[in-house]
Protein chains: 2
Amino acid sequence: MATREEPPRVVAQEGLVDALVQISFVTMAVLSKVGAEHDLSLTQLRVLGILRDRRVRMSRLADYLGLEKSTMTGLVDRAEKRGLLERAPSASDGRAVDVFLSPGGADVAERLYAQVERSLAPMTGELGPAGQRRLQSLLEQLIGFDSLGG
Amino acid sequence: MATREEPPRVVAQEGLVDALVQISFVTMAVLSKVGAEHDLSLTQLRVLGILRDRRVRMSRLADYLGLEKSTMTGLVDRAEKRGLLERAPSASDGRAVDVFLSPGGADVAERLYAQVERSLAPMTGELGPAGQRRLQSLLEQLIGFDSLGG
DNA sequence: TATTGTTATACTCTATAACTATA
DNA sequence: TATAGTTATAGAGTATAACAATA
């Protein structure tokens with residue numbers, strides 16, 4: 001008699017997806033705004049974030065962002081022209097090009113990161129320390145599952 | 001001796017912002033992908049989402065999205081040309097133009113919504129029912145605070 | 001042959017500035 | 001005068017297709 005019927009639910013808890021989508025739009029709006037204050041698009045912001053602790057080749061960067069290599073060329077062109085990052089031929093593969101932050105770009109990246117934290121703090125602060133820890137724990141479980149990366 | 005010093009923390013719980021940003025990028029990637037399968041940008045997706053249960057004027061739509069009115073013109077032009085939504089002069093203000101979903105657009109919007117739920121379900125399902133409820137509750141607290149809307 | 005990156009091209013998204021019509 | 005929307009223009013972001021250089 002212990003037969004437990006799976007509820008025929010294919011989707012998440014009612015309302016959870018809405019909440020997730022809404023909070024994501026809010027977070028993106030904050031990121032966009034911080035970026036805009038430095039004349040950076042969301043994508044450029046991500047590039048700086050990715051390169052904060054890595055030196056990667058063009059194709060890898062395209063993979064991280066989910067963009068075509070041809071798109072990367074223009075993106076990196078513009079950022080390079082502004083002195084935020086630099087290109088260098090790969091030592092191990094004559095076809096490849098490595099991309100990395102310039103000293104100035106690293107400065108900007110650090111400032112951006114701090115500013116994002118400050119901008120989101122008023123919102124996350126609503127939860128109090130215990131709520132923040134619980135939220136972080138739940139989000140990290142979700143991230144662990146994810147197969148897309150970012 | 002019960003003097004409790006406030007820690008000089010201006011930012012959120014270490015790691016929470018990272019988690020929030022990461023999960024937001026994942027969510028946006030899912031939304032983008034679902035939209036792309038219908039040849040819709042993230043912005044077009046949002047427009048359909050907003051109009052799902054509302055008829056609004058151009059300027060209001062621009063406010064919701066945080067975009068200029070001139071940007072709305074092109075956005076609505078393209079969606080209208082594809083038969084997703086329609087324009088009509090406002091009854092109460094001779095200058096204003098109302099925008100609303102066409103029957104076909106409403107169909108697409110419903111399908112998109114269902115697809116987003118299905119696409120996110122494998123991830124949110126990781127938490128189990130109790131975790132999902134806790135996450136939803138925490139996210140809704142954050143949304144309640146937000147001053148940007150979306 | 002396959003892969004890496006760039007170039008050429010085209011379309012979408014976005015903003016600023018100038019304009020028309022209505023309030 | 002101020003507001004709603006469009007048009008004109010320009011730049012960024014994006015993809016597809018064709019190409020050169022290297023593996």
# chains A, B, ... in the order shown; residues from 1 in each chain; ligands from 1

call {"tool": "interface_residues", "arguments": {"of": "chain A", "to": "chain B", "cutoff": "8 Å", "atoms": "only C-alpha atoms", "output": "PyMOL selection string"}}
result
chain A and resi 10-13+15-17+19-29+117-118+120-121+123-127+129+131-133+135-136+138-143+145-146+148-150

call {"tool": "closest_atom_pairs", "arguments": {"of": "chain A", "to": "chain D", "cutoff": "7 Å", "atoms": "only C-alpha atoms (C1' of nucleotides)", "output": "CSV"}}
result
residue,atom,partner,partner_atom,distance
A:Thr71,CA,D:DT14,C1',6.5
A:Gly94,CA,D:DT22,C1',5.9
A:Arg95,CA,D:DT22,C1',5.2

call {"tool": "write_last_selection", "arguments": {"atoms": "all heavy atoms", "output": "JSON list (two decimals), in the first residue's frame"}}
result
[["chain", "number", "residue", "atom", "x", "y", "z"],
["A", 71, "THR", "N", 31.20, 37.34, -33.61],
["A", 71, "THR", "CA", 30.69, 38.37, -32.70],
["A", 71, "THR", "C", 31.78, 38.81, -31.73],
["A", 71, "THR", "O", 31.91, 39.99, -31.41],
["A", 71, "THR", "CB", 29.48, 37.84, -31.92],
["A", 71, "THR", "OG1", 28.47, 37.45, -32.83],
["A", 71, "THR", "CG2", 28.93, 38.89, -30.97],
["A", 94, "GLY", "N", 49.33, 28.33, -33.01],
["A", 94, "GLY", "CA", 49.56, 29.44, -33.93],
["A", 94, "GLY", "C", 48.31, 30.07, -34.49],
["A", 94, "GLY", "O", 48.35, 31.18, -35.01],
["A", 95, "ARG", "N", 47.19, 29.36, -34.39],
["A", 95, "ARG", "CA", 45.95, 29.92, -34.90],
["A", 95, "ARG", "C", 45.24, 30.76, -33.86],
["A", 95, "ARG", "O", 44.49, 31.68, -34.19],
["A", 95, "ARG", "CB", 45.00, 28.80, -35.33],
["A", 95, "ARG", "CG", 45.54, 27.88, -36.39],
["A", 95, "ARG", "CD", 44.68, 26.65, -36.51],
["A", 95, "ARG", "NE", 44.65, 25.89, -35.25],
["A", 95, "ARG", "CZ", 43.95, 24.79, -35.05],
["A", 95, "ARG", "NH1", 43.20, 24.30, -36.02],
["A", 95, "ARG", "NH2", 44.00, 24.17, -33.90]]

call {"tool": "closest_atom_pairs", "arguments": {"of": "chain B", "to": "chain C", "cutoff": "9 Å", "atoms": "only C-alpha atoms (C1' of nucleotides)", "output": "tab-separated table"}}
result
residue	atom	partner	partner_atom	distance
B:Ser41	CA	C:DT12	C1'	8.6
B:Thr43	CA	C:DC13	C1'	8.8
B:Leu67	CA	C:DT14	C1'	8.1
B:Glu68	CA	C:DA15	C1'	7.4
B:Ser70	CA	C:DA15	C1'	8.3
B:Thr71	CA	C:DT14	C1'	6.4
B:Gly74	CA	C:DC13	C1'	8.9
B:Leu75	CA	C:DC13	C1'	8.3
B:Asp93	CA	C:DT22	C1'	8.0
B:Gly94	CA	C:DT22	C1'	5.9
B:Arg95	CA	C:DT22	C1'	5.2
B:Ala96	CA	C:DT22	C1'	8.9

call {"tool": "write_last_selection", "arguments": {"atoms": "N, CA, C and O atoms", "output": "PDB file, in the first residue's frame"}}
result
ATOM      1  N   SER B  41      13.592  38.186 -29.600  1.00  0.00           N
ATOM      2  CA  SER B  41      14.642  38.639 -28.691  1.00  0.00           C
ATOM      3  C   SER B  41      14.090  38.655 -27.274  1.00  0.00           C
ATOM      4  O   SER B  41      12.884  38.541 -27.046  1.00  0.00           O
ATOM      5  N   THR B  43      13.856  41.133 -25.405  1.00  0.00           N
ATOM      6  CA  THR B  43      12.969  42.288 -25.267  1.00  0.00           C
ATOM      7  C   THR B  43      11.584  41.988 -25.830  1.00  0.00           C
ATOM      8  O   THR B  43      10.575  42.318 -25.211  1.00  0.00           O
ATOM      9  N   LEU B  67      13.061  51.669 -21.599  1.00  0.00           N
ATOM     10  CA  LEU B  67      13.602  52.050 -22.904  1.00  0.00           C
ATOM     11  C   LEU B  67      13.004  53.385 -23.358  1.00  0.00           C
ATOM     12  O   LEU B  67      11.998  53.844 -22.833  1.00  0.00           O
ATOM     13  N   GLU B  68      13.627  53.992 -24.355  1.00  0.00           N
ATOM     14  CA  GLU B  68      13.122  55.239 -24.916  1.00  0.00           C
ATOM     15  C   GLU B  68      11.897  54.983 -25.786  1.00  0.00           C
ATOM     16  O   GLU B  68      11.751  53.891 -26.337  1.00  0.00           O
ATOM     17  N   SER B  70      11.311  56.161 -28.670  1.00  0.00           N
ATOM     18  CA  SER B  70      11.723  55.933 -30.064  1.00  0.00           C
ATOM     19  C   SER B  70      12.137  54.477 -30.277  1.00  0.00           C
ATOM     20  O   SER B  70      11.963  53.930 -31.365  1.00  0.00           O
ATOM     21  N   THR B  71      12.670  53.863 -29.239  1.00  0.00           N
ATOM     22  CA  THR B  71      13.029  52.449 -29.336  1.00  0.00           C
ATOM     23  C   THR B  71      11.776  51.595 -29.451  1.00  0.00           C
ATOM     24  O   THR B  71      11.738  50.613 -30.208  1.00  0.00           O
ATOM     25  N   GLY B  74      10.216  51.097 -33.131  1.00  0.00           N
ATOM     26  CA  GLY B  74      10.771  50.031 -33.962  1.00  0.00           C
ATOM     27  C   GLY B  74      10.407  48.653 -33.454  1.00  0.00           C
ATOM     28  O   GLY B  74      10.062  47.755 -34.230  1.00  0.00           O
ATOM     29  N   LEU B  75      10.460  48.503 -32.137  1.00  0.00           N
ATOM     30  CA  LEU B  75      10.162  47.216 -31.510  1.00  0.00           C
ATOM     31  C   LEU B  75       8.725  46.803 -31.841  1.00  0.00           C
ATOM     32  O   LEU B  75       8.462  45.659 -32.247  1.00  0.00           O
ATOM     33  N   ASP B  93      -7.152  59.719 -25.213  1.00  0.00           N
ATOM     34  CA  ASP B  93      -6.106  60.716 -25.468  1.00  0.00           C
ATOM     35  C   ASP B  93      -5.704  60.655 -26.941  1.00  0.00           C
ATOM     36  O   ASP B  93      -5.128  59.672 -27.390  1.00  0.00           O
ATOM     37  N   GLY B  94      -6.020  61.678 -27.656  1.00  0.00           N
ATOM     38  CA  GLY B  94      -5.792  61.705 -29.101  1.00  0.00           C
ATOM     39  C   GLY B  94      -4.341  61.545 -29.509  1.00  0.00           C
ATOM     40  O   GLY B  94      -4.047  61.235 -30.669  1.00  0.00           O
ATOM     41  N   ARG B  95      -3.425  61.743 -28.560  1.00  0.00           N
ATOM     42  CA  ARG B  95      -2.007  61.609 -28.910  1.00  0.00           C
ATOM     43  C   ARG B  95      -1.516  60.186 -28.719  1.00  0.00           C
ATOM     44  O   ARG B  95      -0.553  59.752 -29.339  1.00  0.00           O
ATOM     45  N   ALA B  96      -2.168  59.472 -27.840  1.00  0.00           N
ATOM     46  CA  ALA B  96      -1.663  58.163 -27.398  1.00  0.00           C
ATOM     47  C   ALA B  96      -2.058  57.016 -28.313  1.00  0.00           C
ATOM     48  O   ALA B  96      -3.047  57.082 -29.034  1.00  0.00           O
TER      49      ALA B  96
END

call {"tool": "select_by_dssp", "arguments": {"residues": "range 23-144 of chain A", "states": "alpha helix (DSSP H)", "output": "ChimeraX atom specification"}}
result
/A:23-36,42-51,58-65,69-81,103-124,128-144

call {"tool": "atom_distance", "arguments": {"atom1": "CA of Arg60 in chain A", "atom2": "CA of Ala109 in chain A"}}
result
19.4 Å

call {"tool": "select_by_dssp", "arguments": {"residues": "range 7-126 of chain B", "states": "strand (DSSP E)", "output": "list in words"}}
result
Val56, Arg57, Leu85, Glu86, Arg87, Ala88, Pro89, Val97, Asp98, Val99, Phe100 and Leu101 of chain B

call {"tool": "atom_distance", "arguments": {"atom1": "CA of Thr73 in chain A", "atom2": "CA of Phe100 in chain A"}}
result
13.9 Å

call {"tool": "atom_distance", "arguments": {"atom1": "CA of Gly105 in chain A", "atom2": "CA of Leu48 in chain A"}}
result
7.4 Å
